[in-house]
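Q: What follows is upload-v1.txt, compact mmCIF, C-alpha atoms.
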# COMPACT_ATOMS: atom_id res chain seq x y z
CA MET A 1 68.14 70.34 -89.07
CA GLY A 2 66.78 68.77 -85.96
CA VAL A 3 63.30 68.30 -87.44
CA GLU A 4 61.93 67.99 -90.92
CA MET A 5 61.03 71.21 -92.67
CA LEU A 6 57.26 71.82 -92.52
CA GLY A 7 56.70 68.45 -90.87
CA TYR A 8 54.39 68.01 -87.92
CA ILE A 9 56.12 68.92 -84.63
CA GLU A 10 54.59 67.41 -81.52
CA ARG A 11 54.40 69.78 -78.52
CA PRO A 12 52.22 69.90 -75.37
CA SER A 13 50.81 73.34 -76.15
CA PRO A 14 47.35 74.96 -76.27
CA VAL A 15 47.70 75.41 -80.04
CA HIS A 16 48.35 71.70 -80.56
CA ARG A 17 45.35 70.79 -78.42
CA LEU A 18 42.98 72.68 -80.72
CA THR A 19 41.27 70.59 -83.37
CA GLY A 20 42.35 70.75 -87.00
CA THR A 21 39.00 72.28 -87.94
CA THR A 22 39.52 75.13 -85.47
CA LYS A 23 43.01 75.85 -86.76
CA LEU A 24 41.85 75.73 -90.38
CA ILE A 25 38.93 78.12 -89.78
CA GLY A 26 41.18 80.40 -87.73
CA PHE A 27 43.83 80.43 -90.44
CA LEU A 28 41.28 81.26 -93.14
CA LEU A 29 39.86 84.11 -91.05
CA TRP A 30 43.37 85.34 -90.25
CA THR A 31 44.35 85.31 -93.93
CA THR A 32 41.18 87.15 -94.90
CA ALA A 33 41.75 89.84 -92.29
CA THR A 34 45.35 90.32 -93.41
CA MET A 35 44.84 90.28 -97.16
CA PHE A 36 42.09 92.90 -97.18
CA THR A 37 43.95 95.51 -95.14
CA TYR A 38 46.86 97.84 -95.71
CA ASP A 39 46.24 99.61 -92.41
CA THR A 40 49.57 99.70 -90.58
CA ARG A 41 47.93 99.70 -87.17
CA VAL A 42 45.97 96.55 -87.91
CA LEU A 43 48.99 94.81 -89.43
CA LEU A 44 51.15 95.64 -86.41
CA LEU A 45 48.47 94.27 -84.08
CA LEU A 46 48.22 91.07 -86.12
CA GLY A 47 52.01 90.82 -86.16
CA LEU A 48 52.16 91.00 -82.37
CA ALA A 49 49.42 88.38 -82.17
CA SER A 50 51.38 86.05 -84.49
CA VAL A 51 54.45 86.39 -82.27
CA GLY A 52 52.28 85.52 -79.29
CA LEU A 53 50.95 82.44 -81.08
CA PHE A 54 54.49 81.25 -81.74
CA LEU A 55 55.39 81.64 -78.08
CA VAL A 56 52.25 79.79 -76.95
CA SER A 57 52.82 76.96 -79.44
CA ARG A 58 56.35 76.31 -78.09
CA ILE A 59 57.71 76.00 -81.61
CA ARG A 60 61.35 77.06 -81.67
CA PHE A 61 62.58 79.47 -84.31
CA ARG A 62 65.42 77.16 -85.35
CA GLU A 63 62.90 74.45 -86.20
CA VAL A 64 61.28 76.62 -88.91
CA ARG A 65 64.21 78.94 -89.55
CA PHE A 66 64.89 77.82 -93.12
CA VAL A 67 61.31 78.45 -94.28
CA LEU A 68 61.08 81.84 -92.57
CA VAL A 69 64.47 83.03 -93.84
CA PHE A 70 63.70 81.85 -97.38
CA THR A 71 60.33 83.62 -97.24
CA ALA A 72 61.96 86.80 -95.91
CA LEU A 73 64.35 86.84 -98.89
CA PHE A 74 61.42 86.32 -101.27
CA VAL A 75 59.47 89.17 -99.64
CA LEU A 76 62.44 91.54 -99.96
CA ILE A 77 62.90 90.62 -103.61
CA ASN A 78 59.19 91.17 -104.19
CA ALA A 79 59.34 94.61 -102.55
CA PHE A 80 62.33 95.56 -104.72
CA ALA A 81 60.46 94.39 -107.84
CA VAL A 82 57.45 96.51 -106.87
CA TYR A 83 59.69 99.57 -106.58
CA LEU A 84 61.45 98.70 -109.84
CA PHE A 85 58.24 98.50 -111.87
CA GLU A 86 56.20 101.17 -110.02
CA PRO A 87 58.42 103.57 -108.02
CA GLU A 88 55.57 106.08 -107.64
CA GLN A 89 52.88 103.65 -106.43
CA GLY A 90 52.94 105.06 -102.91
CA VAL A 91 52.49 108.59 -104.24
CA ALA A 92 49.44 107.51 -106.25
CA ILE A 93 47.92 105.78 -103.21
CA TYR A 94 48.48 108.44 -100.53
CA GLY A 95 48.07 111.51 -102.74
CA THR A 96 51.16 113.38 -101.51
CA ARG A 97 54.83 113.39 -102.50
CA HIS A 98 57.72 113.83 -100.07
CA VAL A 99 61.00 113.22 -101.90
CA LEU A 100 63.77 111.69 -99.80
CA TRP A 101 66.26 111.08 -102.61
CA GLU A 102 66.35 112.30 -106.18
CA GLY A 103 67.30 109.32 -108.32
CA ILE A 104 67.78 108.84 -112.02
CA GLY A 105 64.77 109.48 -114.23
CA ARG A 106 61.62 108.12 -112.62
CA PHE A 107 63.51 106.24 -109.89
CA THR A 108 63.09 108.65 -107.00
CA LEU A 109 62.67 107.60 -103.40
CA THR A 110 59.67 109.07 -101.61
CA ALA A 111 58.39 108.68 -98.08
CA GLU A 112 55.06 107.48 -99.47
CA GLN A 113 56.72 104.69 -101.47
CA LEU A 114 58.78 103.58 -98.48
CA PHE A 115 55.67 103.49 -96.31
CA TYR A 116 53.78 101.49 -98.94
CA LEU A 117 56.63 98.97 -99.25
CA PHE A 118 56.82 98.71 -95.45
CA ASN A 119 53.12 97.80 -95.33
CA LEU A 120 53.62 95.29 -98.13
CA ILE A 121 56.47 93.58 -96.26
CA LEU A 122 54.49 93.71 -93.03
CA LYS A 123 51.51 92.03 -94.70
CA TYR A 124 53.59 89.02 -95.77
CA SER A 125 55.35 88.96 -92.40
CA VAL A 126 51.97 88.54 -90.70
CA ILE A 127 50.60 85.79 -92.97
CA VAL A 128 53.61 83.52 -93.54
CA PRO A 129 54.56 82.75 -89.89
CA VAL A 130 50.96 81.84 -89.08
CA ALA A 131 50.78 79.61 -92.17
CA VAL A 132 53.98 77.84 -91.11
CA LEU A 133 52.65 77.53 -87.55
CA PHE A 134 49.42 76.01 -88.87
CA LEU A 135 51.33 73.38 -90.85
CA VAL A 136 53.74 72.33 -88.09
CA THR A 137 51.09 72.15 -85.34
CA THR A 138 48.43 70.22 -87.30
CA HIS A 139 48.79 66.50 -87.96
CA PRO A 140 48.29 65.76 -91.69
CA THR A 141 45.47 63.28 -91.05
CA GLU A 142 43.70 65.70 -88.74
CA PHE A 143 44.16 68.43 -91.33
CA ALA A 144 42.50 66.19 -93.92
CA SER A 145 39.60 65.48 -91.58
CA SER A 146 39.15 69.22 -90.98
CA LEU A 147 39.01 69.85 -94.74
CA ASN A 148 36.40 67.13 -95.06
CA ARG A 149 34.43 68.54 -92.12
CA ILE A 150 34.08 71.98 -93.75
CA GLY A 151 32.72 70.40 -96.95
CA LEU A 152 35.70 69.40 -99.12
CA PRO A 153 35.37 65.89 -100.68
CA TYR A 154 37.34 63.37 -98.66
CA LYS A 155 39.34 62.25 -101.72
CA VAL A 156 40.72 65.76 -102.17
CA ALA A 157 41.29 66.10 -98.42
CA PHE A 158 43.18 62.80 -98.34
CA ALA A 159 45.36 63.90 -101.28
CA VAL A 160 46.33 67.04 -99.35
CA SER A 161 47.07 64.91 -96.30
CA LEU A 162 49.36 62.62 -98.30
CA ALA A 163 51.22 65.58 -99.79
CA LEU A 164 51.92 67.01 -96.34
CA ARG A 165 52.76 63.62 -94.85
CA TYR A 166 55.39 62.81 -97.47
CA ILE A 167 57.20 66.16 -97.40
CA PRO A 168 59.58 64.87 -94.65
CA ASP A 169 60.14 61.63 -96.59
CA VAL A 170 61.08 63.53 -99.74
CA GLN A 171 63.48 65.67 -97.73
CA GLN A 172 65.08 62.56 -96.25
CA ASP A 173 65.44 61.03 -99.73
CA PHE A 174 67.04 64.25 -100.97
CA ARG A 175 69.63 64.18 -98.20
CA THR A 176 70.34 60.48 -98.74
CA ILE A 177 70.85 60.93 -102.49
CA ALA A 178 72.93 64.09 -101.95
CA ASP A 179 75.20 62.28 -99.46
CA ALA A 180 75.60 59.36 -101.87
CA GLN A 181 76.53 61.70 -104.73
CA GLU A 182 79.01 63.60 -102.57
CA ALA A 183 80.64 60.27 -101.66
CA ARG A 184 81.19 59.83 -105.40
CA GLY A 185 82.72 63.29 -105.71
CA VAL A 186 79.62 65.03 -107.08
CA THR A 187 78.75 68.06 -104.96
CA VAL A 188 76.33 70.95 -105.30
CA THR A 189 77.76 73.04 -102.47
CA HIS A 190 81.14 73.96 -104.00
CA GLY A 191 82.50 75.01 -107.36
CA PRO A 192 81.24 77.20 -110.23
CA LEU A 193 77.52 77.89 -110.42
CA LEU A 194 77.07 76.21 -113.81
CA LYS A 195 78.85 73.06 -112.62
CA ARG A 196 76.77 72.96 -109.44
CA ALA A 197 73.56 73.30 -111.49
CA LYS A 198 74.67 70.41 -113.70
CA HIS A 199 75.49 68.27 -110.66
CA SER A 200 72.11 69.02 -109.13
CA LEU A 201 70.51 66.93 -111.90
CA ASN A 202 72.31 63.92 -110.41
CA ILE A 203 70.21 64.49 -107.28
CA LEU A 204 66.91 65.68 -108.75
CA LEU A 205 66.47 62.87 -111.28
CA PRO A 206 66.89 60.02 -108.74
CA LEU A 207 64.67 61.98 -106.35
CA LEU A 208 62.00 62.25 -109.04
CA PHE A 209 62.05 58.52 -109.80
CA THR A 210 62.02 57.67 -106.09
CA SER A 211 58.99 59.91 -105.56
CA LEU A 212 57.16 58.38 -108.54
CA GLU A 213 57.85 54.90 -107.18
CA ARG A 214 56.46 55.92 -103.79
CA ILE A 215 53.35 57.37 -105.46
CA GLU A 216 52.75 54.10 -107.31
CA THR A 217 53.19 52.06 -104.12
CA VAL A 218 50.75 54.21 -102.15
CA SER A 219 48.21 54.25 -105.00
CA ASN A 220 48.27 50.46 -105.28
CA ALA A 221 47.88 50.09 -101.52
CA MET A 222 44.88 52.45 -101.51
CA ASP A 223 43.26 50.61 -104.42
CA LEU A 224 43.70 47.26 -102.68
CA ARG A 225 41.94 48.65 -99.62
CA GLY A 226 39.01 49.94 -101.66
CA PHE A 227 39.71 53.65 -101.19
CA GLY A 228 37.02 55.77 -102.82
CA ALA A 229 34.40 53.04 -102.98
CA GLU A 230 32.12 54.80 -100.49
CA ARG A 231 30.77 58.35 -100.60
CA LYS A 232 31.74 59.05 -96.99
CA ARG A 233 34.42 57.88 -94.61
CA THR A 234 35.44 58.20 -90.98
CA TRP A 235 38.70 59.69 -89.66
CA TYR A 236 40.85 58.18 -86.95
CA ASN A 237 42.32 61.53 -85.87
CA GLN A 238 39.09 63.55 -85.92
CA ARG A 239 38.33 65.07 -82.53
CA PRO A 240 35.16 66.70 -81.21
CA MET A 241 35.07 70.47 -80.73
CA THR A 242 35.63 71.68 -77.19
CA ARG A 243 35.05 74.98 -75.37
CA ALA A 244 38.62 76.02 -76.16
CA ASP A 245 37.98 75.51 -79.89
CA PHE A 246 34.87 77.72 -79.89
CA LEU A 247 36.70 80.33 -77.82
CA ALA A 248 39.63 80.36 -80.26
CA ILE A 249 37.34 80.71 -83.28
CA GLY A 250 35.45 83.51 -81.52
CA LEU A 251 38.66 85.41 -80.76
CA VAL A 252 39.91 85.17 -84.35
CA LEU A 253 36.46 86.18 -85.63
CA LEU A 254 36.46 89.25 -83.37
CA LEU A 255 39.96 90.10 -84.58
CA THR A 256 38.76 89.80 -88.18
CA ILE A 257 35.75 92.05 -87.52
CA PHE A 258 38.01 94.58 -85.80
CA SER A 259 40.38 94.49 -88.78
CA PHE A 260 37.57 95.19 -91.27
CA SER A 261 36.08 97.91 -89.05
CA VAL A 262 39.36 99.81 -88.69
CA THR A 263 40.35 99.27 -92.32
CA PHE A 264 37.14 100.44 -93.99
CA TYR A 265 35.81 103.01 -91.51
CA ASP A 266 36.87 105.87 -93.86
CA GLY A 267 36.25 103.98 -97.10
CA SER A 268 39.90 103.18 -97.83
CA ARG A 269 42.07 100.13 -97.20
CA PHE A 270 45.16 102.28 -96.65
CA TYR A 271 46.14 104.08 -93.46
CA ASN A 272 47.43 107.51 -94.54
CA PRO A 273 49.77 109.24 -92.06
CA PHE A 274 50.59 111.94 -94.58
Turn the structure described in the file into structure tokens.
A:
Amino acid sequence: MGVEMLGYIERPSPVHRLTGTTKLIGFLLWTTATMFTYDTRVLLLLGLASVGLFLVSRIRFREVRFVLVFTALFVLINAFAVYLFEPEQGVAIYGTRHVLWEGIGRFTLTAEQLFYLFNLILKYSVIVPVAVLFLVTTHPTEFASSLNRIGLPYKVAFAVSLALRYIPDVQQDFRTIADAQEARGVTVTHGPLLKRAKHSLNILLPLLFTSLERIETVSNAMDLRGFGAERKRTWYNQRPMTRADFLAIGLVLLLTIFSFSVTFYDGSRFYNPF
């Protein structure tokens, strides 16, 4: 990969120029609007908006391809599991039953169930890309300062910042250890599945010890600098709010209000085309 997975990607874009606080508030509002609705019209609108955000941010698909593809596989498996355990959930929600395929026993395929699963997939497809975009366009230190600004204790905010900051380092260690093991003839990309799983321990155990050593080093450095001695702290990457930040928050807030208005105008979270 050209860049580290879920690492900060620097770009001269309007999304990057927004403060971390703005992006955090916008993401929380966006998630709230998406999680409370099963209205297909609202989800499609939010999906188009998320595509627009990606284009404006200048983040290339190949730079976050692994995360999005992995998430897409997880979403499909989740949808299949929903059908497996509750194949008539759509019928119970929409109150009608249009059979498309008579299966075995209770496993029939109905238009209502397909529509429900489509909305479920669409919901995840709206949230996940925006979450990934938030992570790759927000510097970890600025993200920590935004968490502290909205009221989270700075120790917790700094812990989140460290976790995000060291994701690329852990990935680099993983590749280094994997290359070293492959040079010794131990590979996890070829051979029987059981053998590959056994060989993966030769990578995961050194990676675990390397990560623990890094944690100890960082903890000692923070203790030596008196981290946590004061109740408050300043942030190097904290930026003041600008007109663009307030405009962005206002737009997301209006989108959230619109989502709730359309979703609950008839007392139901589900749009029923049947």
Q: Using only C-alpha atoms, what does the table of stretch 48-146 of chain A residues within 7 Å of stretch 23-43 of chain A look like, with each row giving the shortest atom pair and its distance in Å to one decimal, sorted by chain and ascending number, as JSON lines?
A:
{"residue": "A:Asn119", "atom": "CA", "partner": "A:Thr40", "partner_atom": "CA", "distance": 6.2}
{"residue": "A:Leu122", "atom": "CA", "partner": "A:Leu43", "partner_atom": "CA", "distance": 6.7}
{"residue": "A:Lys123", "atom": "CA", "partner": "A:Leu43", "partner_atom": "CA", "distance": 6.5}
{"residue": "A:Ile127", "atom": "CA", "partner": "A:Thr31", "partner_atom": "CA", "distance": 6.3}
{"residue": "A:Phe134", "atom": "CA", "partner": "A:Lys23", "partner_atom": "CA", "distance": 6.8}
Q: Of the residues A:Val126, A:Ile167, A:Leu194, A:Val75, which is the one nearest to A:Ser211, using all atoms listed in the file?
A: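 Going through A:Val126, A:Ile167, A:Leu194, A:Val75 one by one, the smallest distance to A:Ser211 is for A:Ile167.
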Q: I want to know what sits within 12 Å of A:Phe227, based on only C-alpha atoms, with residues of the same chain fewer than 5 positions away left out; could you give that as a ChimeraX atom specification?
A: /A:154-155,158-159,218-222,232-234
Q: Mind pulling up the distance from atom CA of A:Ile121 to atom CA of A:Leu73?
A: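 Taking atom CA of A:Leu73 as the start and atom CA of A:Ile121 as the end point, the length is 10.7 Å.
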Q: Excluding stretch 88-95 of chain A and its own-chain neighbours fewer than 5 positions away, which residues fall within 9 Å of it when counting only C-alpha atoms? Please give them as a list of chain:residue names.
A: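 These residues fall inside the cut-off: A:Val82, A:Tyr83, A:Arg106, A:Phe107, A:Thr108, A:Leu109, A:Thr110, A:Ala111, A:Glu112, A:Gln113, A:Leu114, A:Phe115, A:Tyr116, A:Leu117, A:Phe270, A:Tyr271, A:Asn272, A:Pro273, A:Phe274.
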Q: For stretch 56-67 of chain A, supply all heavy atoms and report the output as a PDB file, in the frame of the given file.
A:
ATOM      1  N   VAL A  56      53.183  80.726 -77.583  1.00  0.00           N
ATOM      2  CA  VAL A  56      52.250  79.790 -76.950  1.00  0.00           C
ATOM      3  C   VAL A  56      52.406  78.383 -77.507  1.00  0.00           C
ATOM      4  O   VAL A  56      52.291  77.394 -76.788  1.00  0.00           O
ATOM      5  CB  VAL A  56      50.802  80.299 -77.124  1.00  0.00           C
ATOM      6  CG1 VAL A  56      49.808  79.253 -76.669  1.00  0.00           C
ATOM      7  CG2 VAL A  56      50.595  81.584 -76.327  1.00  0.00           C
ATOM      8  N   SER A  57      52.712  78.273 -78.805  1.00  0.00           N
ATOM      9  CA  SER A  57      52.820  76.960 -79.440  1.00  0.00           C
ATOM     10  C   SER A  57      54.090  76.218 -79.068  1.00  0.00           C
ATOM     11  O   SER A  57      54.202  75.018 -79.332  1.00  0.00           O
ATOM     12  CB  SER A  57      52.765  77.119 -80.963  1.00  0.00           C
ATOM     13  OG  SER A  57      53.940  77.758 -81.438  1.00  0.00           O
ATOM     14  N   ARG A  58      55.067  76.905 -78.497  1.00  0.00           N
ATOM     15  CA  ARG A  58      56.350  76.310 -78.090  1.00  0.00           C
ATOM     16  C   ARG A  58      57.162  75.795 -79.265  1.00  0.00           C
ATOM     17  O   ARG A  58      58.026  74.931 -79.104  1.00  0.00           O
ATOM     18  CB  ARG A  58      56.125  75.184 -77.072  1.00  0.00           C
ATOM     19  CG  ARG A  58      55.433  75.630 -75.791  1.00  0.00           C
ATOM     20  CD  ARG A  58      55.300  74.491 -74.806  1.00  0.00           C
ATOM     21  NE  ARG A  58      54.597  74.929 -73.591  1.00  0.00           N
ATOM     22  CZ  ARG A  58      54.316  74.138 -72.566  1.00  0.00           C
ATOM     23  NH1 ARG A  58      54.689  72.856 -72.603  1.00  0.00           N
ATOM     24  NH2 ARG A  58      53.681  74.594 -71.518  1.00  0.00           N
ATOM     25  N   ILE A  59      56.894  76.316 -80.447  1.00  0.00           N
ATOM     26  CA  ILE A  59      57.710  76.000 -81.610  1.00  0.00           C
ATOM     27  C   ILE A  59      58.940  76.895 -81.598  1.00  0.00           C
ATOM     28  O   ILE A  59      58.823  78.113 -81.486  1.00  0.00           O
ATOM     29  CB  ILE A  59      56.915  76.210 -82.920  1.00  0.00           C
ATOM     30  CG1 ILE A  59      55.682  75.291 -82.949  1.00  0.00           C
ATOM     31  CG2 ILE A  59      57.793  75.945 -84.136  1.00  0.00           C
ATOM     32  CD1 ILE A  59      55.996  73.822 -82.953  1.00  0.00           C
ATOM     33  N   ARG A  60      60.105  76.297 -81.704  1.00  0.00           N
ATOM     34  CA  ARG A  60      61.350  77.060 -81.670  1.00  0.00           C
ATOM     35  C   ARG A  60      61.649  77.634 -83.052  1.00  0.00           C
ATOM     36  O   ARG A  60      61.360  77.014 -84.074  1.00  0.00           O
ATOM     37  CB  ARG A  60      62.506  76.186 -81.200  1.00  0.00           C
ATOM     38  CG  ARG A  60      62.278  75.559 -79.828  1.00  0.00           C
ATOM     39  CD  ARG A  60      63.471  74.718 -79.411  1.00  0.00           C
ATOM     40  NE  ARG A  60      63.212  74.029 -78.154  1.00  0.00           N
ATOM     41  CZ  ARG A  60      62.693  72.813 -78.060  1.00  0.00           C
ATOM     42  NH1 ARG A  60      62.378  72.148 -79.170  1.00  0.00           N
ATOM     43  NH2 ARG A  60      62.499  72.250 -76.885  1.00  0.00           N
ATOM     44  N   PHE A  61      62.273  78.807 -83.044  1.00  0.00           N
ATOM     45  CA  PHE A  61      62.580  79.470 -84.310  1.00  0.00           C
ATOM     46  C   PHE A  61      63.501  78.620 -85.175  1.00  0.00           C
ATOM     47  O   PHE A  61      63.338  78.549 -86.396  1.00  0.00           O
ATOM     48  CB  PHE A  61      63.214  80.838 -84.044  1.00  0.00           C
ATOM     49  CG  PHE A  61      63.715  81.526 -85.287  1.00  0.00           C
ATOM     50  CD1 PHE A  61      62.835  82.107 -86.180  1.00  0.00           C
ATOM     51  CD2 PHE A  61      65.081  81.563 -85.583  1.00  0.00           C
ATOM     52  CE1 PHE A  61      63.293  82.721 -87.332  1.00  0.00           C
ATOM     53  CE2 PHE A  61      65.545  82.175 -86.718  1.00  0.00           C
ATOM     54  CZ  PHE A  61      64.640  82.756 -87.600  1.00  0.00           C
ATOM     55  N   ARG A  62      64.467  77.951 -84.576  1.00  0.00           N
ATOM     56  CA  ARG A  62      65.420  77.160 -85.350  1.00  0.00           C
ATOM     57  C   ARG A  62      64.750  75.994 -86.066  1.00  0.00           C
ATOM     58  O   ARG A  62      65.274  75.492 -87.063  1.00  0.00           O
ATOM     59  CB  ARG A  62      66.538  76.636 -84.440  1.00  0.00           C
ATOM     60  CG  ARG A  62      66.081  75.684 -83.352  1.00  0.00           C
ATOM     61  CD  ARG A  62      67.254  75.184 -82.510  1.00  0.00           C
ATOM     62  NE  ARG A  62      66.827  74.334 -81.417  1.00  0.00           N
ATOM     63  CZ  ARG A  62      66.546  73.043 -81.548  1.00  0.00           C
ATOM     64  NH1 ARG A  62      66.664  72.465 -82.742  1.00  0.00           N
ATOM     65  NH2 ARG A  62      66.172  72.325 -80.505  1.00  0.00           N
ATOM     66  N   GLU A  63      63.594  75.563 -85.575  1.00  0.00           N
ATOM     67  CA  GLU A  63      62.900  74.450 -86.200  1.00  0.00           C
ATOM     68  C   GLU A  63      62.206  74.852 -87.503  1.00  0.00           C
ATOM     69  O   GLU A  63      61.921  73.988 -88.346  1.00  0.00           O
ATOM     70  CB  GLU A  63      61.870  73.865 -85.230  1.00  0.00           C
ATOM     71  CG  GLU A  63      62.503  73.223 -84.005  1.00  0.00           C
ATOM     72  CD  GLU A  63      61.483  72.772 -82.984  1.00  0.00           C
ATOM     73  OE1 GLU A  63      60.486  73.511 -82.788  1.00  0.00           O
ATOM     74  OE2 GLU A  63      61.688  71.711 -82.378  1.00  0.00           O
ATOM     75  N   VAL A  64      61.917  76.133 -87.668  1.00  0.00           N
ATOM     76  CA  VAL A  64      61.280  76.620 -88.910  1.00  0.00           C
ATOM     77  C   VAL A  64      62.106  77.738 -89.530  1.00  0.00           C
ATOM     78  O   VAL A  64      61.604  78.483 -90.363  1.00  0.00           O
ATOM     79  CB  VAL A  64      59.840  77.098 -88.619  1.00  0.00           C
ATOM     80  CG1 VAL A  64      58.946  75.942 -88.228  1.00  0.00           C
ATOM     81  CG2 VAL A  64      59.825  78.160 -87.521  1.00  0.00           C
ATOM     82  N   ARG A  65      63.368  77.818 -89.119  1.00  0.00           N
ATOM     83  CA  ARG A  65      64.210  78.940 -89.550  1.00  0.00           C
ATOM     84  C   ARG A  65      64.380  78.979 -91.062  1.00  0.00           C
ATOM     85  O   ARG A  65      64.294  80.050 -91.674  1.00  0.00           O
ATOM     86  CB  ARG A  65      65.576  78.832 -88.869  1.00  0.00           C
ATOM     87  CG  ARG A  65      66.582  79.913 -89.280  1.00  0.00           C
ATOM     88  CD  ARG A  65      67.839  79.779 -88.453  1.00  0.00           C
ATOM     89  NE  ARG A  65      68.378  78.419 -88.575  1.00  0.00           N
ATOM     90  CZ  ARG A  65      69.317  77.922 -87.773  1.00  0.00           C
ATOM     91  NH1 ARG A  65      69.805  78.666 -86.797  1.00  0.00           N
ATOM     92  NH2 ARG A  65      69.762  76.689 -87.941  1.00  0.00           N
ATOM     93  N   PHE A  66      64.627  77.829 -91.679  1.00  0.00           N
ATOM     94  CA  PHE A  66      64.890  77.820 -93.120  1.00  0.00           C
ATOM     95  C   PHE A  66      63.714  78.397 -93.898  1.00  0.00           C
ATOM     96  O   PHE A  66      63.894  79.225 -94.802  1.00  0.00           O
ATOM     97  CB  PHE A  66      65.176  76.389 -93.593  1.00  0.00           C
ATOM     98  CG  PHE A  66      65.385  76.279 -95.075  1.00  0.00           C
ATOM     99  CD1 PHE A  66      66.613  76.586 -95.639  1.00  0.00           C
ATOM    100  CD2 PHE A  66      64.341  75.886 -95.914  1.00  0.00           C
ATOM    101  CE1 PHE A  66      66.803  76.500 -97.006  1.00  0.00           C
ATOM    102  CE2 PHE A  66      64.524  75.802 -97.273  1.00  0.00           C
ATOM    103  CZ  PHE A  66      65.760  76.098 -97.826  1.00  0.00           C
ATOM    104  N   VAL A  67      62.498  77.975 -93.564  1.00  0.00           N
ATOM    105  CA  VAL A  67      61.310  78.450 -94.280  1.00  0.00           C
ATOM    106  C   VAL A  67      61.128  79.950 -94.081  1.00  0.00           C
ATOM    107  O   VAL A  67      60.852  80.695 -95.030  1.00  0.00           O
ATOM    108  CB  VAL A  67      60.065  77.687 -93.816  1.00  0.00           C
ATOM    109  CG1 VAL A  67      58.817  78.210 -94.524  1.00  0.00           C
ATOM    110  CG2 VAL A  67      60.229  76.207 -94.071  1.00  0.00           C
TER     111      VAL A  67
END
